[in-house]
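Q: Questions regarding the structure given below will be posed in turn.
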Protein chains: 6
Amino acid sequence: MMGTVVRNIHRADSGAVAALERLGVATVHEAQGRTGLMAPYMRPLWRGARIAGSAVTALCAPGDNWMIHVAAEVLKPGDVLVVACMSENTDGAFGELLATSIKARGAKGIVLDMGCRDAAELSEMKFPVWSRAISARGTVKATLGSVNVPVVVAGLQVRPGDVVVADDDGVVVVNRVQAAEIARLGEEREKKEAATRVRLQKGELGLDIYGMRKPLEEKGLKYVDGPLEG
Amino acid sequence: MMGTVVRNIHRADSGAVAALERLGVATVHEAQGRTGLMAPYMRPLWRGARIAGSAVTALCAPGDNWMIHVAAEVLKPGDVLVVACMSENTDGAFGELLATSIKARGAKGIVLDMGCRDAAELSEMKFPVWSRAISARGTVKATLGSVNVPVVVAGLQVRPGDVVVADDDGVVVVNRVQAAEIARLGEEREKKEAATRVRLQKGELGLDIYGMRKPLEEKGLKYVDGPLEG
Amino acid sequence: MMGTVVRNIHRADSGAVAALERLGVATVHEAQGRTGLMAPYMRPLWRGARIAGSAVTALCAPGDNWMIHVAAEVLKPGDVLVVACMSENTDGAFGELLATSIKARGAKGIVLDMGCRDAAELSEMKFPVWSRAISARGTVKATLGSVNVPVVVAGLQVRPGDVVVADDDGVVVVNRVQAAEIARLGEEREKKEAATRVRLQKGELGLDIYGMRKPLEEKGLKYVDGPLEG
Amino acid sequence: MMGTVVRNIHRADSGAVAALERLGVATVHEAQGRTGLMAPYMRPLWRGARIAGSAVTALCAPGDNWMIHVAAEVLKPGDVLVVACMSENTDGAFGELLATSIKARGAKGIVLDMGCRDAAELSEMKFPVWSRAISARGTVKATLGSVNVPVVVAGLQVRPGDVVVADDDGVVVVNRVQAAEIARLGEEREKKEAATRVRLQKGELGLDIYGMRKPLEEKGLKYVDGPLEG
Amino acid sequence: MMGTVVRNIHRADSGAVAALERLGVATVHEAQGRTGLMAPYMRPLWRGARIAGSAVTALCAPGDNWMIHVAAEVLKPGDVLVVACMSENTDGAFGELLATSIKARGAKGIVLDMGCRDAAELSEMKFPVWSRAISARGTVKATLGSVNVPVVVAGLQVRPGDVVVADDDGVVVVNRVQAAEIARLGEEREKKEAATRVRLQKGELGLDIYGMRKPLEEKGLKYVDGPLEG
Amino acid sequence: MMGTVVRNIHRADSGAVAALERLGVATVHEAQGRTGLMAPYMRPLWRGARIAGSAVTALCAPGDNWMIHVAAEVLKPGDVLVVACMSENTDGAFGELLATSIKARGAKGIVLDMGCRDAAELSEMKFPVWSRAISARGTVKATLGSVNVPVVVAGLQVRPGDVVVADDDGVVVVNRVQAAEIARLGEEREKKEAATRVRLQKGELGLDIYGMRKPLEEKGLKYVDGPLEG
């Protein structure tokens, strides 16, 4: 199956994508039952970006970024490029020239399980990048991988067309066909949290708001007055 | 002992706390004989915060933040919440809602040996957070731990009421009863360093200021003119 | 050989150094055939610095920064101090006082395979630091190392007088006698990239600009239209 | 979807399973085009085991092994239990009692992305275990996960019924429906390697056997006689 | 407090120590409510040892093993030497000569948060060692630490005289005054487990033996028959 | 310089090599002033091997083992193959077929800063391997590196012809021209240690044998009788 490029994919509904982007990673992750989150080593190059889009996936060999060039051709405006690597690797597979290229093709950002370079230039361009490392180490174009096949990135399976949501908290992925439903659940959660926030700001406790006192007592939590010595 | 909440603790003298906060982590660590420092993986969420306060401690199960809610009730204004975890875990046990809650209760910040989330919101709120990771991964409320018992956080034993000092250099902990003495030693050190700084700025060498030439020679240090070939 | 200080070293041509500094790490690394890069754990303390200079090297024992004091004396204006450690260690071997000292002696920055401390002060001073960690952990002055001997730092051999180039992408080292030639190759590359950038901005693909379609086909890359189900 | 147990799964053909078991991890991995391998942190508890079987999957919360108990009921003789965890966790979720239980139900072994304990007893029992750690840390039974849903383990997607092959080299997973074909390809490869082995034992070089001299020359490899000085 | 040697300590009851040794790490850890376990990076040098004894503690500087020599003098027959390090360090602080020395003084083994060397010789001697690394890197004798003060080792506070139990599963520490009570609880647990083991061997399920079906249902676990497609 | 093969190298004196092999890693490392040791992540595949030989070096791209095939041709009986990688990589670049090949050419073993595979077969063959990982992940033959150039392996510079000594403690490298002298110093050290061992076995303390009491006192070490409370 290695060496396959799928040109066209089903993309997610643009309204759902917009809603998920506004909600952000933490809320979306909760809305889909605490699933779909990449491992926390996947970090933004610069703070403050928040994007969502349909995933175009690429699978690269370690030290090789050929498939990113191949993927560039099949990107559509609004997509997020998601790059997996066949083994653990931090080489700088993505830099300012490739960013210029995929930005020109309409990509909103990139999530790559390899390194990025040109950190200063990418930050100045405000091009959103999530990666496992920053490394100037150059890559070759020698080994085939694939484009738009299911990949595992940072411990998470991503299929082409899934919605990728990324911000300062990391990266969460939503199944394409569930995107609208998850957006709806996220918005409900957001409303509920807004009400809770007001109560917490006044000094009310989560113990009371969430009704935790009884289950804590049933589990056997004991209070002692203290202070203890020692 | 798991499942115990100690409501009241001895807190450190507020004057000593204020002095330690002004001195900062590196100076306090030196002042107490190079002890009391957490491991360097404990990093600030955002740069520029410097806080000190009495430790209220919580011990959580991995993937579970229930005891942070329990701890919120026993916090007093000026405290720093210190959260340990029973095993290595990076889940996002603390976010913007909990920050809103403990801020309303008077906490100056949190040091947690787990992950935090809502990184953008917490940074905007300027709520001081030191953690081992940023992760949106949600946590459950299912397993008891304890509050205000001694805990080990980032390789360091912390007792309730100890003074926690945290800034961009990391986190140092001072024994409650020694806080005033350590503050005094820190201030002495600061004065001495101010004098040294002036001499170093003029180009004088540490070799001379600290009298290192003789011990280096006794240890056998040899100078050669060079340049060497090769 | 431990316990040796070489006072004088051959330094690189200042014109070449200036050219390499302007080019930056990623371009210099490519210009010398993708060699000479330190491992990506070597990170800048603050973003935005870019320096180049001749390496003065120091080799320290773990938890010991004595040789940095010794090295300070042999620094010349424009040098970059490069500190290796005998074993893996993150202790805070370098802080604001030492920065004040080596800055007064003319050093442009430091690259150290240990930790740095006084992160806030060093950032405010805008003194360029690349290190493997930030840690307030204090160090002793007890064990001899050497100054201006070849060292291995972050997986890379550095000889005294080699040109060290460091920016947000990491640290690259250029052989002293090849510095001018590498600078020339880097400038050529830069020109070529400028032309490529214009084409990429217009949406032309790397596949076409770099002539990748034929080699990809020869390797066996297959395109399918999709979308695939599943 | 969390909190779902699928009782019945399609299992792989037993002949194909037996063939894959005999071939071992390295050969199977090559036979399916260098795909399907778990990350190398997944290590055998003891050396010398080699197993293959249909995967029954379980997804656990960190510090919680409840779903292993649930999975035990749906195991059939010859299965391999594959345990994923919702976040990175090394707690000892599997020990001698659980091994006794799943062995009694017919399981051939376990691959778990958590820790195991009772290392001495499990080794003595010769029960095959691959895990990310050895840890006595006990786990709770408090949070639901799922059984027989697709999971990601050590960077690899595993679906229930896929064939898991594990030995001293790690763990490789083969798509259920391709199992017979991959076994066939592996056997071909094995024959070819046997012939190559004989030639290599006589001192013939891979350079000649694999016809590498020409492509190396085309890539630009240069030979110099040496010895070089320095 | 650095630079202090406490000559005499309270030691644990020898009967309790013997009982805890027989029970082993996993059982003791459970018996004391899942507390007291060192982090899993603390591994035995060779498999098959199981020891327990009163802790004599030493705190060393990184790259320095001077305090192990100092500790040797205060060891009594049956003790376990527990070595902490001021910062993360893997240098080979303990080898065959030191093992010969502390064995002659009666030590049953060593647990060190540094590296050990002479791996072949120590294994042949059957001297029990738990360490964070194997490294031949030599250490100096230059910096003071302390002996028989409380230390943190692998994430766990150890006080002099606490009972250290170590085997292939890692290292657990029991409070000296609770040793007999924990031993008693461990023996109870052992008996209970023996009964459970017999039932599990017959194929009975943990689901039934531990009464898990009802709580699982209450939490919302759903069974579907399957097989599912896809 | 990438893409260069040096056919002939100066090799070390065979008597010195034999002497260094007998002494082993820890003694040789001490004999050359505690230098020349690789980082401790470089571990033997199986316990009990001890080898020494002249280094033939190869530099590979990540995920690529082409240069090992190239190096096989220039090996001479008694050599040790030392493989560096351009960036951090654990792929299985070396297995049983390559071992068969280089064994037939006379190699005594291999030290590789990548992964090895066929762990069971290599262990059965008793072919000595030191690597950073065990991984079945296959590698390609696509990118040039070099053979018999200086390389950095596990934090250590290795030049072709240097003597590599490897055993259960790791890997140490000795400069070719100093090999005989280091062997002599190692033998002296060995004799001295034999005498010390006898005294330690009788219960004499290092404190007395090495004359440590006075320097410890001068540094300020204080003894207290204890036991302390708490």
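Chain labels follow the order of the structure tokens: the first chain is A, the next B, and so on; residue numbering restarts at 1 in every chain, and ligands are counted from 1 in their shown order.
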Would you mind listing, as a list in words, all residues of chain B that have at least one atom within 10 Å of chain E, where only C-alpha atoms are what counts?
A: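 My answer is Met1, Met2, Gln32, Gly33, Arg34, Thr35, Gly36, Leu37, Met38, Ala39, Pro40, Met86, Ser87, Glu88, Pro150, Val151, Val152, Val153, Ala154, Gly155, Leu156 and Gln157 of chain B.
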Q: Deliver the residues from the most recent selection as a file, using C-alpha atoms, as a PDB file, in the first residue's frame.
A:
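File produced: selection36.pdb:
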ATOM      1  CA  MET B   1      -3.626   7.373  54.897  1.00  0.00           C
ATOM      2  CA  MET B   2      -5.080   7.802  51.391  1.00  0.00           C
ATOM      3  CA  GLN B  32      19.469  27.285  51.619  1.00  0.00           C
ATOM      4  CA  GLY B  33      22.639  25.495  50.633  1.00  0.00           C
ATOM      5  CA  ARG B  34      21.578  24.372  47.166  1.00  0.00           C
ATOM      6  CA  THR B  35      18.658  22.290  48.360  1.00  0.00           C
ATOM      7  CA  GLY B  36      14.928  22.292  47.875  1.00  0.00           C
ATOM      8  CA  LEU B  37      14.722  22.608  44.092  1.00  0.00           C
ATOM      9  CA  MET B  38      12.211  20.706  41.999  1.00  0.00           C
ATOM     10  CA  ALA B  39      13.432  18.848  38.911  1.00  0.00           C
ATOM     11  CA  PRO B  40      13.715  21.093  35.852  1.00  0.00           C
ATOM     12  CA  MET B  86       0.578   8.800  42.293  1.00  0.00           C
ATOM     13  CA  SER B  87       2.374   7.886  39.080  1.00  0.00           C
ATOM     14  CA  GLU B  88       3.858   9.723  36.125  1.00  0.00           C
ATOM     15  CA  PRO B 150       3.369  15.454  52.656  1.00  0.00           C
ATOM     16  CA  VAL B 151       3.877  14.722  48.948  1.00  0.00           C
ATOM     17  CA  VAL B 152       6.771  14.309  46.529  1.00  0.00           C
ATOM     18  CA  VAL B 153       6.573  16.631  43.540  1.00  0.00           C
ATOM     19  CA  ALA B 154       9.203  16.658  40.798  1.00  0.00           C
ATOM     20  CA  GLY B 155      11.685  14.841  43.014  1.00  0.00           C
ATOM     21  CA  LEU B 156      11.113  17.027  46.062  1.00  0.00           C
ATOM     22  CA  GLN B 157       9.291  16.390  49.333  1.00  0.00           C
TER      23      GLN B 157
END
Q: Which residues, written as a PyMOL selection string, have at least one atom at most 12 Å from Thr143 of chain F, with only C-alpha atoms counted and residues fewer than 2 positions away on the same chain left out?
A: (chain A and resi 61-64+139-143) or (chain D and resi 215-221) or (chain F and resi 2-3+59-68+85-86+139-141+145-146)
Q: Can you work out which one of E:Tyr223, E:Tyr210, E:Trp46, E:Tyr41 has the shortest atom-to-atom distance to Lys126 of chain E, counting only C-alpha atoms?
A: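 Under the stated criterion, the closest residue is E:Trp46.
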Q: From the set A:Asp169, A:Val198, A:Gly53, A:Val25, which residue has the shortest atom-to-atom contact distance to Leu122 of chain B, counting only C-alpha atoms?
A: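 The shortest atom-to-atom distance to Leu122 of chain B comes from A:Asp169.
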Q: Check segment 36-164 of chain C with DSSP on the backbone and list each residue it calls strand (DSSP E or B), as a PyMOL selection string.
A: chain C and resi 37+43-44+51-60+64+80-85+92-94+109-116+129-134+140+146-147+151-153+156-158+163-164
Q: Show which residues sit within 12 Å of Leu45 of chain A, as a ChimeraX atom specification. Count only C-alpha atoms, and ignore same-chain residues fewer than 2 positions away.
A: /A:41-43,47-49,94-95,109-112,115-135,166-168,170 /C:47,168-169
Q: Can you pull out the residues contacting segment 173-183 of chain F? Cut-off 10 Å, using only C-alpha atoms, and skip same-chain residues under 6 positions away; I want them as a ChimeraX atom specification.
A: /F:10-23,25,27-33,35-38,52-55,156-166,189
Q: How about saving the chosen residues, C-alpha atoms kept, as a short mmCIF file (atom, residue, chain, number, x, y, z; two decimals), in the first residue's frame?
A:
data_model
loop_
_atom_site.label_atom_id
_atom_site.label_comp_id
_atom_site.auth_asym_id
_atom_site.auth_seq_id
_atom_site.Cartn_x
_atom_site.Cartn_y
_atom_site.Cartn_z
CA HIS F 10 45.87 2.58 10.42
CA ARG F 11 44.96 -0.13 12.89
CA ALA F 12 46.00 -0.40 16.51
CA ASP F 13 48.71 -2.71 17.77
CA SER F 14 47.23 -6.17 18.30
CA GLY F 15 48.97 -6.67 21.63
CA ALA F 16 47.53 -3.47 22.99
CA VAL F 17 44.10 -4.45 21.70
CA ALA F 18 44.30 -7.81 23.46
CA ALA F 19 45.38 -6.17 26.70
CA LEU F 20 42.57 -3.62 26.56
CA GLU F 21 40.03 -6.36 25.85
CA ARG F 22 41.12 -8.27 28.91
CA LEU F 23 40.94 -5.16 31.12
CA VAL F 25 35.51 -1.02 29.85
CA THR F 27 39.21 -0.15 33.96
CA VAL F 28 40.17 1.27 30.57
CA HIS F 29 37.93 4.28 31.11
CA GLU F 30 39.63 5.01 34.43
CA ALA F 31 43.07 4.35 32.99
CA GLN F 32 42.65 7.11 30.45
CA GLY F 33 41.58 9.67 33.01
CA THR F 35 37.44 9.90 29.25
CA GLY F 36 36.33 8.13 26.11
CA LEU F 37 33.10 6.55 27.31
CA MET F 38 29.97 6.40 25.21
CA ALA F 52 38.11 -4.98 21.64
CA GLY F 53 39.22 -4.11 18.13
CA SER F 54 40.10 -1.36 15.71
CA ALA F 55 37.17 0.79 14.70
CA LEU F 156 31.76 10.33 21.67
CA GLN F 157 34.03 11.14 18.74
CA VAL F 158 35.39 7.93 17.16
CA ARG F 159 38.12 7.98 14.49
CA PRO F 160 38.82 5.04 12.21
CA GLY F 161 41.45 2.84 13.82
CA ASP F 162 40.70 3.90 17.39
CA VAL F 163 40.42 0.94 19.72
CA VAL F 164 36.86 0.15 20.73
CA VAL F 165 36.41 -1.82 23.95
CA ALA F 166 32.91 -3.03 24.77
CA ARG F 189 45.38 0.07 38.11
#
Q: Pick out the residues sitting within 9 Å of Val56 of chain C, and hand them over as a VMD selection string; count only C-alpha atoms, and ignore anything fewer than 3 positions along from it in its own chain.
A: chain C and resid 9 71 74 to 76 79 to 83 147 to 149 159 to 162
Q: Using DSSP on the backbone, list every residue of segment 14-190 of chain D that comes out as alpha helix (DSSP H), and give them as a PyMOL selection string.
A: chain D and resi 14-23+25-31+66-72+96-104+119-125+179-190
Q: Just the number, please: distance in Å from atom CA of Ala93 of chain A to atom CA of Met114 of chain F, one decimal.
A: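 Taking atom CA of Ala93 of chain A and atom CA of Met114 of chain F, their separation equals 19.9 Å.
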Q: Distance atom CA of Arg50 of chain A-atom CA of Arg137 of chain A, one decimal place?
A: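 Separation of atom CA of Arg50 of chain A and atom CA of Arg137 of chain A: 27.0 Å.
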Q: Can you measure atom CA of Arg197 of chain A to atom CA of Thr57 of chain B for me? One decimal in Å is fine.
A: 23.7 Å
